[in-house]
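Next up, run.csv (CSV, C-alpha atoms):
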```csv
chain,number,residue,atom,x,y,z
A,6,MET,CA,167.1,172.4,157.1
A,7,ASN,CA,164.6,171.3,159.8
A,8,ILE,CA,162.4,168.2,159.5
A,9,ARG,CA,159.3,170.2,158.7
A,10,ARG,CA,160.9,171.8,155.7
A,11,LYS,CA,162.3,168.4,154.5
A,12,VAL,CA,158.8,166.9,154.7
A,13,PHE,CA,157.4,169.8,152.7
A,14,LEU,CA,160.2,169.4,150.2
A,15,ILE,CA,159.4,165.7,149.7
A,16,ILE,CA,155.7,166.5,149.4
A,17,THR,CA,156.4,169.2,146.9
A,18,VAL,CA,158.5,166.9,144.7
A,19,LEU,CA,155.8,164.2,144.8
A,20,TRP,CA,153.1,166.7,144.0
A,21,MET,CA,155.1,168.0,141.0
A,22,VAL,CA,155.4,164.4,139.8
A,23,MET,CA,151.7,164.0,140.2
A,24,ILE,CA,151.0,167.1,138.2
A,25,PHE,CA,153.4,166.0,135.5
A,26,SER,CA,151.8,162.6,135.3
A,27,PHE,CA,148.3,164.1,134.9
A,28,SER,CA,149.6,166.5,132.2
A,29,ALA,CA,151.2,163.5,130.4
A,30,ARG,CA,147.9,161.8,129.9
A,31,PRO,CA,146.5,162.0,126.3
A,32,ALA,CA,143.4,164.1,125.7
A,33,GLU,CA,141.0,161.2,125.5
A,34,ILE,CA,142.0,159.9,129.0
A,35,SER,CA,142.0,163.4,130.5
A,36,SER,CA,138.5,164.0,129.1
A,37,GLU,CA,137.3,160.7,130.5
A,38,ASP,CA,138.6,161.7,133.9
A,39,SER,CA,136.8,165.0,133.7
A,40,ARG,CA,133.6,163.3,132.7
A,41,HIS,CA,133.8,161.0,135.7
A,42,VAL,CA,134.4,164.0,138.0
A,43,GLY,CA,131.4,165.9,136.4
A,44,LEU,CA,129.2,162.9,137.1
A,45,LEU,CA,130.5,162.8,140.7
A,46,VAL,CA,129.7,166.5,141.1
A,47,GLY,CA,126.2,165.8,139.9
A,48,GLU,CA,125.8,162.9,142.3
A,49,ILE,CA,127.0,164.9,145.2
A,50,PHE,CA,125.4,168.3,144.6
A,51,VAL,CA,122.3,167.8,142.4
A,52,PRO,CA,119.3,166.4,144.2
A,53,GLY,CA,117.7,163.6,142.3
A,54,PHE,CA,120.6,163.3,139.9
A,55,GLU,CA,120.5,159.5,140.0
A,56,ASP,CA,116.9,159.7,138.7
A,57,TRP,CA,118.0,161.5,135.5
A,58,THR,CA,118.4,159.6,132.3
A,59,GLU,CA,121.8,158.6,131.2
A,60,ALA,CA,121.7,161.3,128.4
A,61,GLU,CA,120.8,164.0,130.9
A,62,ARG,CA,123.6,163.0,133.3
A,63,GLU,CA,126.1,162.9,130.4
A,64,ALA,CA,124.9,166.4,129.2
A,65,PHE,CA,125.4,167.7,132.8
A,66,ALA,CA,128.9,166.3,132.9
A,67,GLU,CA,129.7,167.9,129.6
A,68,ARG,CA,128.3,171.3,130.8
A,69,VAL,CA,130.4,171.3,134.0
A,70,ASP,CA,133.6,170.0,132.2
A,71,HIS,CA,135.2,173.4,131.7
A,72,PRO,CA,134.6,174.6,135.3
A,73,VAL,CA,135.7,171.2,136.7
A,74,ARG,CA,139.0,171.4,134.7
A,75,LYS,CA,139.7,175.0,135.6
A,76,THR,CA,138.9,174.4,139.3
A,77,ALA,CA,141.3,171.4,139.2
A,78,HIS,CA,144.0,173.6,137.6
A,79,ALA,CA,143.7,176.3,140.3
A,80,ALA,CA,143.4,173.8,143.2
A,81,GLU,CA,146.4,171.6,142.2
A,82,PHE,CA,148.6,174.7,141.9
A,83,ALA,CA,147.2,176.2,145.1
A,84,ALA,CA,148.3,173.0,146.8
A,85,LEU,CA,151.7,173.2,145.1
A,86,GLY,CA,152.1,176.8,146.2
A,87,LEU,CA,151.3,175.8,149.8
A,88,PHE,CA,153.8,173.0,149.7
A,89,VAL,CA,156.6,175.1,148.1
A,90,ALA,CA,156.0,177.8,150.7
A,91,GLY,CA,156.1,175.2,153.4
A,92,ALA,CA,159.5,174.1,152.2
A,93,TYR,CA,160.8,177.6,151.6
A,94,ILE,CA,159.6,179.6,154.5
A,95,GLU,CA,161.3,178.6,157.8
A,96,GLY,CA,158.6,178.0,160.4
A,97,GLY,CA,158.4,178.7,164.1
A,98,LYS,CA,159.8,181.5,166.1
A,99,PRO,CA,161.4,184.7,164.7
A,100,ALA,CA,165.2,184.6,164.4
A,101,GLY,CA,166.9,185.3,167.7
A,102,GLU,CA,164.0,184.4,170.0
A,103,LYS,CA,164.5,182.0,172.8
A,104,LYS,CA,163.3,178.5,172.1
A,105,ASP,CA,161.8,177.9,175.6
A,106,LYS,CA,161.9,179.2,179.1
A,107,LYS,CA,164.0,176.3,180.4
A,108,ASN,CA,166.8,176.9,177.8
A,109,LYS,CA,167.1,180.7,178.1
A,110,GLY,CA,170.3,181.0,176.2
A,111,ALA,CA,169.1,179.1,173.1
A,112,GLN,CA,168.8,180.9,169.9
A,113,SER,CA,166.9,179.8,166.8
A,114,SER,CA,169.2,178.4,164.1
A,115,GLY,CA,170.1,180.9,161.4
A,116,ARG,CA,168.1,183.7,159.8
A,117,GLN,CA,164.5,183.1,158.9
A,118,THR,CA,163.1,183.8,155.5
A,119,GLY,CA,160.9,186.9,155.6
A,120,ILE,CA,157.3,185.9,155.0
A,121,GLY,CA,156.6,188.4,152.2
A,122,ARG,CA,159.7,187.3,150.4
A,123,GLY,CA,158.9,183.6,151.1
A,124,ILE,CA,155.4,184.1,149.6
A,125,PHE,CA,156.8,185.8,146.5
A,126,VAL,CA,159.6,183.3,145.9
A,127,SER,CA,157.2,180.3,146.5
A,128,TRP,CA,154.7,181.9,144.0
A,129,LEU,CA,157.5,182.5,141.5
A,130,ILE,CA,158.7,178.9,141.7
A,131,THR,CA,155.2,177.5,141.4
A,132,ALA,CA,154.3,179.9,138.5
A,133,ALA,CA,157.4,178.8,136.7
A,134,TYR,CA,156.4,175.2,137.1
A,135,ALA,CA,153.0,176.0,135.8
A,136,ALA,CA,154.6,177.5,132.6
A,137,THR,CA,156.8,174.4,132.1
A,138,ASP,CA,153.7,172.2,132.7
A,139,GLU,CA,151.9,173.9,129.8
A,140,ILE,CA,155.0,173.6,127.6
A,141,HIS,CA,155.1,169.9,128.4
A,142,GLN,CA,151.5,169.6,127.3
A,143,LEU,CA,152.4,170.8,123.8
A,144,PHE,CA,154.1,167.4,123.3
A,145,VAL,CA,151.2,165.3,124.6
A,146,PRO,CA,148.8,163.9,122.0
A,147,GLY,CA,145.6,165.9,121.8
A,148,ARG,CA,146.7,168.4,124.5
A,149,SER,CA,147.7,172.0,124.2
A,150,GLY,CA,149.6,174.6,126.2
A,151,GLN,CA,147.4,177.5,127.2
A,152,VAL,CA,148.6,180.9,128.5
A,153,SER,CA,145.3,181.2,130.3
A,154,ASP,CA,146.0,178.0,132.2
A,155,VAL,CA,149.4,179.5,133.3
A,156,VAL,CA,147.6,182.6,134.6
A,157,LEU,CA,145.0,180.5,136.4
A,158,ASP,CA,147.6,178.1,137.8
A,159,SER,CA,149.7,181.2,139.0
A,160,ALA,CA,146.6,182.6,140.7
A,161,GLY,CA,146.1,179.3,142.5
A,162,ALA,CA,149.8,179.3,143.4
A,163,MET,CA,149.5,182.8,144.9
A,164,ALA,CA,146.5,181.7,147.0
A,165,GLY,CA,148.4,178.6,148.3
A,166,SER,CA,151.6,180.5,149.0
A,167,ALA,CA,149.7,183.3,150.7
A,168,TYR,CA,147.8,180.8,152.8
A,169,SER,CA,151.0,179.2,153.9
A,170,GLY,CA,152.5,182.6,154.6
A,171,GLY,CA,149.4,183.6,156.6
A,172,GLY,CA,149.8,180.4,158.7
A,173,GLN,CA,153.4,181.4,159.4
A,174,ILE,CA,152.4,184.9,160.5
A,175,PHE,CA,149.8,183.4,162.9
A,176,ILE,CA,152.5,181.0,164.3
A,177,ARG,CA,155.1,183.7,164.7
A,178,ARG,CA,152.6,186.0,166.5
A,179,ARG,CA,151.7,183.3,168.9
A,180,TYR,CA,155.4,182.9,169.8
A,181,SER,CA,155.8,186.6,170.3
A,182,GLU,CA,153.0,186.8,172.9
```
Write the structure described by the file as structure tokens, please.
Amino acid sequence: MNIRRKVFLIITVLWMVMIFSFSARPAEISSEDSRHVGLLVGEIFVPGFEDWTEAEREAFAERVDHPVRKTAHAAEFAALGLFVAGAYIEGGKPAGEKKDKKNKGAQSSGRQTGIGRGIFVSWLITAAYAATDEIHQLFVPGRSGQVSDVVLDSAGAMAGSAYSGGGQIFIRRRYSE
């Protein structure tokens, strides 16, 4: 396993721990986090938001709570899909290609993972983690496991895995030129 894949593996594990820790937070704390993000969205994207009354700002944060939560779900699992794909798909030159012109006899080490297969396996691993994350939430006070969240997380996972796979396609094409 090369250093790039090891780094992605470490990042993957750390990201999974982060997701687990967010999922382990009781509902009241999670709701407060979402409220803060909703207020931040208002401050960044709504002109004159700071001039609104406290009640208007709170109402805005409440209105954007659902989209904020769902966007966070998709984004955190898109990132996880990207990291898992980075760890799973071997990067660089296609198998059997020369490493550089000076070392003409050099071959790349081993067989590379096909990008399509790498995307699928990365998605499968990430989607499985999404399912276990929702099961975990069944045991957290005030939280619930939602099949719709697994679907959303899996869609994010596919986007992240595909993005990583697309990057590998781009890199491999550059090497073949």
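What separates atom CA of A:Gly91 from atom CA of A:His78 is a distance of 20.0 Å.
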Check: Counting all atoms listed in the file, what is within 7 Å of stretch 151-158 of chain A, bar same-chain residues fewer than 2 positions away, as a PyMOL selection string?
Finding: chain A and resi 78-79+82+132+135-136+139+149+160-162
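For the pair atom CA of A:Glu63 and atom CA of A:His41, the interatomic distance is 9.5 Å.
Proximity ranking of A:Ser169, A:Glu95, A:Ser159, A:Pro52 relative to A:Asn7 places A:Glu95 first, based on all atoms listed in the file.
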Next item on the list: Please provide as a PyMOL selection string all residues within 12 Å of A:Gly53, with the sequence filter that same-chain residues fewer than 6 positions apart are discarded (counting only C-alpha atoms).
Entry: chain A and resi 47+61-62
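Between A:Ile8 and the residues A:Gly170, A:Val145, A:Ala92, A:Glu33, the shortest atom-to-atom distance, using only C-alpha atoms, involves A:Ala92.
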Check: In Å, with one decimal, what is the gap from atom CA of A:Ile176 to atom CA of A:Val18?
Finding: 24.9 Å
